[in-house]
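Q: What follows is a single structure, and I will ask about it in a moment.
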Amino acid sequence: MDEVVRGNRVVWEQASTKHVREYDELLEQARGGADLFPRELELLGPVLAGGPTVVHFQSGHGVDDPALVRAGARVVVGIDYSVVAAGAAQRRATEIGTPCRYVAAEVPGVPVRDECADLVYTGKGAVIWMRDIDAWARDVARVLRPGGSLFVYDAHPAVPLWTWDEDEPRIRPDRSYFAESHVNDTFPGDGAREWQWTLGQFVTAVSRAGLQLDVLEEYAEPFWRPGDGTTAAAWSGRLPNAYALLAHKNASSAASS
Ligand SMILES: C[S@@+](CC[C@H](N)C(=O)[O-])C[C@H]1O[C@@H](n2cnc3c(N)ncnc32)[C@H](O)[C@@H]1O
């Protein structure tokens, strides 16, 4: 693990204590109070109908995992380098008796067998923490069985540009769509270095890893809004704030690493 990634991990270990402080609230969400977004359920419907084995890259609080099980997944393995996050998610899964288990480990380099997953699920604040997007995409392709799917629902790469002004959307003067990285200044990743992958770089990495693109959609609605009621004009429908990508590994593909 390089020094910047190590520094980010320290930030995430601290930020993930929130998952322990808010244990009961997250437990209720995991028990059935929170679901995947309707569009996620639509796009993933055919995959989830087959009772897939899911590997969730950067599973965080893990609330999405019981939701994946309720929607049809046979089992979910969550991978997150935060020991605090993985531990809290495991405790919740055990308590509600859902077939989800968690491993504290770095992405990429996920410690699961080649071609073990029918679905790699990730997003909601995940891709920006990947320092090497090609290595990430290769790891996804390695983990997927032939015919398996990758699903990502994440912040649109233009999001770091938007101010949170309420009157009208503005572009932050300190940001560029084409910058390599910047230091995050919002909770929970405050102080960590996030990497910026343009939509073109991201889709190209997925394609270079040998996956076939099925769906790429952009949305005006952010995948997350602050709980304190903060609202920004940039979220009012004129600008992209999230995207979904569905891709698959050809049924005849051999494992590549
Ligand atoms: C914003 S959270 C999103 C996670 C999840 N989608 C959720 O909603 O909780 C980002 C997560 O990525 C994890 N993370 C960041 N970089 C990572 C890496 N290189 N390897 C493994 N986990 C990482 C953090 O520990 C954190 O739990």
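Every chain in the structure tokens takes a letter, A first, then B, and so on in the order presented; its residues are numbered from 1, and the ligands are numbered from 1 following the presented order.
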Give as JSON, numbers by chain the residues surrounding ligand 1 up to a distance of 6 Å, considering only C-alpha atoms and all ligand atoms.

A: {"A": [12, 58, 59, 60, 61, 62, 80, 81, 82, 105, 106, 107, 123, 124, 125, 126, 129, 130]}

Q: Sorted by chain and rising residue number, list the residues of stretch 207-257 of chain A at most 7 Å from stretch 156-177 of chain A (counting only C-alpha atoms), each with its closest atom pair and distance in Å to one decimal, as CSV.

A:
```
residue,atom,partner,partner_atom,distance
A:Thr231,CA,A:Glu166,CA,6.4
A:Ala232,CA,A:Trp164,CA,4.6
A:Ala233,CA,A:Glu166,CA,4.9
A:Ala234,CA,A:Pro169,CA,4.6
A:Pro240,CA,A:His156,CA,6.3
A:Asn241,CA,A:His156,CA,4.9
A:Ala242,CA,A:His156,CA,4.2
A:Tyr243,CA,A:His156,CA,5.6
```

Q: Create the file for the chosen residues now, containing N, CA and C atoms and written as an mmCIF file, in the first residue's frame.

A:
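Output (selection-v6.cif):
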```
data_model
loop_
_atom_site.group_PDB
_atom_site.id
_atom_site.type_symbol
_atom_site.label_atom_id
_atom_site.label_comp_id
_atom_site.auth_asym_id
_atom_site.auth_seq_id
_atom_site.Cartn_x
_atom_site.Cartn_y
_atom_site.Cartn_z
ATOM 1 N N THR A 231 -29.032 21.940 0.627
ATOM 2 C CA THR A 231 -29.364 21.632 -0.755
ATOM 3 C C THR A 231 -28.634 22.609 -1.662
ATOM 4 N N ALA A 232 -28.232 22.146 -2.814
ATOM 5 C CA ALA A 232 -27.442 22.983 -3.716
ATOM 6 C C ALA A 232 -28.186 23.116 -5.043
ATOM 7 N N ALA A 233 -28.042 24.282 -5.680
ATOM 8 C CA ALA A 233 -28.686 24.474 -6.982
ATOM 9 C C ALA A 233 -28.124 23.489 -8.009
ATOM 10 N N ALA A 234 -26.899 23.038 -7.778
ATOM 11 C CA ALA A 234 -26.283 22.077 -8.701
ATOM 12 C C ALA A 234 -27.000 20.727 -8.704
ATOM 13 N N PRO A 240 -25.129 16.856 -14.230
ATOM 14 C CA PRO A 240 -24.990 15.437 -13.866
ATOM 15 C C PRO A 240 -24.396 15.292 -12.471
ATOM 16 N N ASN A 241 -24.976 14.400 -11.671
ATOM 17 C CA ASN A 241 -24.465 14.178 -10.317
ATOM 18 C C ASN A 241 -24.196 12.707 -9.990
ATOM 19 N N ALA A 242 -24.700 11.833 -10.823
ATOM 20 C CA ALA A 242 -24.458 10.403 -10.573
ATOM 21 C C ALA A 242 -24.480 9.667 -11.913
ATOM 22 N N TYR A 243 -24.006 8.441 -11.887
ATOM 23 C CA TYR A 243 -24.093 7.615 -13.096
ATOM 24 C C TYR A 243 -24.219 6.164 -12.670
#
```

Q: Mind checking DSSP for stretch 50-245 of chain A and telling me the helix (DSSP H, G or I) residues as a ChimeraX atom specification?

A: /A:64-70,83-96,127-129,133-143,159-161,199-208,233-235

Q: Please report the interatomic distance between atom CA of A:Gly50 and atom CA of A:Val103 in Å with one decimal.

A: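 Distance between the two atoms: 24.2 Å.
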
Q: Excluding same-chain residues fewer than 6 positions from stretch 64-68 of chain A, what lies within 9 Å of it counting only C-alpha atoms, as number ranges by chain?

A: A: 30-32, 34-36, 41, 48, 54, 56, 74-78, 93, 96, 98-100

Q: Can you spit out the residues from that selection as a JSON list (two decimals), in the first residue's frame, using N, CA and C atoms?

A:
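Below is the file that was written, selection-v7.json:
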```json
[["chain", "number", "residue", "atom", "x", "y", "z"],
["A", 30, "ALA", "N", -30.37, -1.87, 7.69],
["A", 30, "ALA", "CA", -29.93, -3.17, 7.14],
["A", 30, "ALA", "C", -31.06, -4.20, 7.24],
["A", 31, "ARG", "N", -31.85, -4.09, 8.29],
["A", 31, "ARG", "CA", -32.94, -5.06, 8.52],
["A", 31, "ARG", "C", -34.05, -4.94, 7.47],
["A", 32, "GLY", "N", -34.10, -3.82, 6.78],
["A", 32, "GLY", "CA", -35.15, -3.70, 5.77],
["A", 32, "GLY", "C", -35.63, -2.29, 5.55],
["A", 34, "ALA", "N", -33.91, 0.17, 4.37],
["A", 34, "ALA", "CA", -33.27, 0.87, 3.25],
["A", 34, "ALA", "C", -33.12, -0.10, 2.09],
["A", 35, "ASP", "N", -33.40, 0.41, 0.92],
["A", 35, "ASP", "CA", -33.29, -0.44, -0.26],
["A", 35, "ASP", "C", -32.34, 0.17, -1.26],
["A", 36, "LEU", "N", -32.04, -0.59, -2.28],
["A", 36, "LEU", "CA", -31.27, -0.03, -3.39],
["A", 36, "LEU", "C", -32.16, 0.99, -4.09],
["A", 41, "LEU", "N", -32.36, -1.40, -8.90],
["A", 41, "LEU", "CA", -33.14, -2.65, -8.89],
["A", 41, "LEU", "C", -33.58, -3.02, -10.31],
["A", 48, "LEU", "N", -29.95, -10.27, -10.56],
["A", 48, "LEU", "CA", -30.35, -10.71, -9.21],
["A", 48, "LEU", "C", -31.35, -11.87, -9.27],
["A", 54, "VAL", "N", -22.26, -12.34, -4.91],
["A", 54, "VAL", "CA", -21.85, -10.94, -5.13],
["A", 54, "VAL", "C", -20.59, -10.64, -4.35],
["A", 56, "HIS", "N", -18.78, -7.25, -3.15],
["A", 56, "HIS", "CA", -19.02, -5.80, -3.06],
["A", 56, "HIS", "C", -17.68, -5.12, -2.78],
["A", 74, "ARG", "N", -27.58, -14.52, -3.52],
["A", 74, "ARG", "CA", -27.45, -15.72, -2.67],
["A", 74, "ARG", "C", -26.55, -15.41, -1.48],
["A", 75, "VAL", "N", -25.47, -14.69, -1.77],
["A", 75, "VAL", "CA", -24.49, -14.34, -0.74],
["A", 75, "VAL", "C", -23.75, -13.09, -1.19],
["A", 76, "VAL", "N", -23.33, -12.26, -0.23],
["A", 76, "VAL", "CA", -22.55, -11.07, -0.56],
["A", 76, "VAL", "C", -21.27, -11.08, 0.28],
["A", 77, "VAL", "N", -20.15, -10.89, -0.39],
["A", 77, "VAL", "CA", -18.87, -10.74, 0.32],
["A", 77, "VAL", "C", -18.44, -9.29, 0.16],
["A", 78, "GLY", "N", -18.37, -8.57, 1.27],
["A", 78, "GLY", "CA", -17.99, -7.17, 1.24],
["A", 78, "GLY", "C", -16.50, -7.02, 1.54],
["A", 93, "ALA", "N", -24.69, -7.87, 10.03],
["A", 93, "ALA", "CA", -25.15, -8.99, 9.18],
["A", 93, "ALA", "C", -25.42, -10.21, 10.04],
["A", 96, "ILE", "N", -28.69, -9.80, 12.06],
["A", 96, "ILE", "CA", -29.97, -9.96, 11.35],
["A", 96, "ILE", "C", -30.02, -11.28, 10.57],
["A", 98, "THR", "N", -28.27, -12.40, 7.90],
["A", 98, "THR", "CA", -28.27, -12.33, 6.43],
["A", 98, "THR", "C", -26.94, -12.89, 5.91],
["A", 99, "PRO", "N", -26.96, -13.55, 4.76],
["A", 99, "PRO", "CA", -25.73, -14.21, 4.28],
["A", 99, "PRO", "C", -24.72, -13.24, 3.66],
["A", 100, "CYS", "N", -24.21, -12.33, 4.50],
["A", 100, "CYS", "CA", -23.19, -11.37, 4.06],
["A", 100, "CYS", "C", -21.99, -11.53, 4.98]]
```

Q: Would you please work out which residue, of A:Asp118, A:Arg131, A:Thr230, A:Pro146, is nearest to A:Trp197 when using only C-alpha atoms?

A: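 Residue with the minimum atom-to-atom distance to A:Trp197: A:Arg131.
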
Q: So that I can see what lies close to A:Ala192, please list as a list in words the residues with an atom at most 12 Å from it, counting only C-alpha atoms and leaving out residues fewer than 6 positions away in the same chain.

A: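 Answer for this query is Glu3, Val4, Val5, Arg6, Gly7, Asn8, Arg9, Val10, Val11, Trp12, Glu13, Gln14, Ala15, Ile128, Trp129, Met130, Ser181, His182, Val183, Asn184, Asp185 and Thr186 of chain A.
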
Q: Measuring between only C-alpha atoms, which one of A:Tyr102, A:Trp235, A:Phe57, A:Tyr153 shows the shortest distance to A:Gly87?

A: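 Once distances to A:Gly87 are computed over only C-alpha atoms, the minimum belongs to A:Tyr102.
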
Q: What parts of stretch 28-180 of chain A does DSSP call strand (DSSP E or B)? I'd like the answer as an NGL selection string.

A: :A and (53-57 or 75-80 or 100-104 or 117-123 or 144-155 or 162 or 171)

Q: Against stretch 244-254 of chain A, which residues of stretch 10-111 of chain A fall within 10 Å? For each one I want the closest pair of atoms and the distance in Å (one decimal), counting only C-alpha atoms, rows by chain and increasing residue number, as a tab-separated table.

A:
```
residue	atom	partner	partner_atom	distance
A:Arg39	CA	A:Ala244	CA	8.9
A:Glu40	CA	A:Ala244	CA	8.0
A:Leu43	CA	A:Leu246	CA	7.7
A:Leu44	CA	A:Leu246	CA	8.3
```

Q: Take atom CA of A:Arg238 and atom CA of A:Glu221 and report the distance between them in Å, one decimal.

A: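 Between atom CA of A:Arg238 and atom CA of A:Glu221 the gap works out to 9.6 Å.
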
Q: Just give me the gap between atom CA of A:Ala117 and atom CA of A:Val143 in Å, one decimal is fine.

A: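 So the two atoms, atom CA of A:Ala117 and atom CA of A:Val143, lie 5.9 Å apart.
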
Q: Do a neighbour search on A:Gly109 at 10 Å with only C-alpha atoms, toss out local chain neighbours closer than 3 positions, and write the hits as number ranges by chain.

A: A: 105-106, 112, 135-136, 138-140, 142-143

Q: Could you check which of A:Pro222, A:Pro52, A:Gly72, A:Gly191 is closest to A:Phe37, using only C-alpha atoms?

A: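 Of A:Pro222, A:Pro52, A:Gly72, A:Gly191, the one nearest A:Phe37, counting only C-alpha atoms, is A:Pro222.
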
Q: Compile the contact shell of A:Tyr23 as a ChimeraX atom specification: residues with an atom at most 10 Å away, counting only C-alpha atoms, same-chain residues fewer than 3 positions apart removed.

A: /A:17-20,26-29,61,88-89,91-92

Q: Using C-alpha atoms, can you export the residues from the last selection as a compact mmCIF listing (two decimals), in the first residue's frame?

A:
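And here's again16.txt as it stands now:
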```txt
# COMPACT_ATOMS: atom_id res chain seq x y z
CA THR A 17 -16.37 5.08 13.58
CA LYS A 18 -19.65 6.76 12.50
CA HIS A 19 -20.87 3.27 11.50
CA VAL A 20 -20.29 2.16 15.10
CA LEU A 26 -27.83 1.33 10.45
CA LEU A 27 -29.03 -1.97 11.89
CA GLU A 28 -32.63 -0.91 11.26
CA GLN A 29 -31.72 0.14 7.71
CA HIS A 61 -21.34 0.42 6.20
CA ALA A 88 -19.45 -3.15 12.13
CA ALA A 89 -20.99 -4.46 8.88
CA ARG A 91 -21.79 -7.55 13.37
CA ARG A 92 -24.97 -6.20 11.78
```
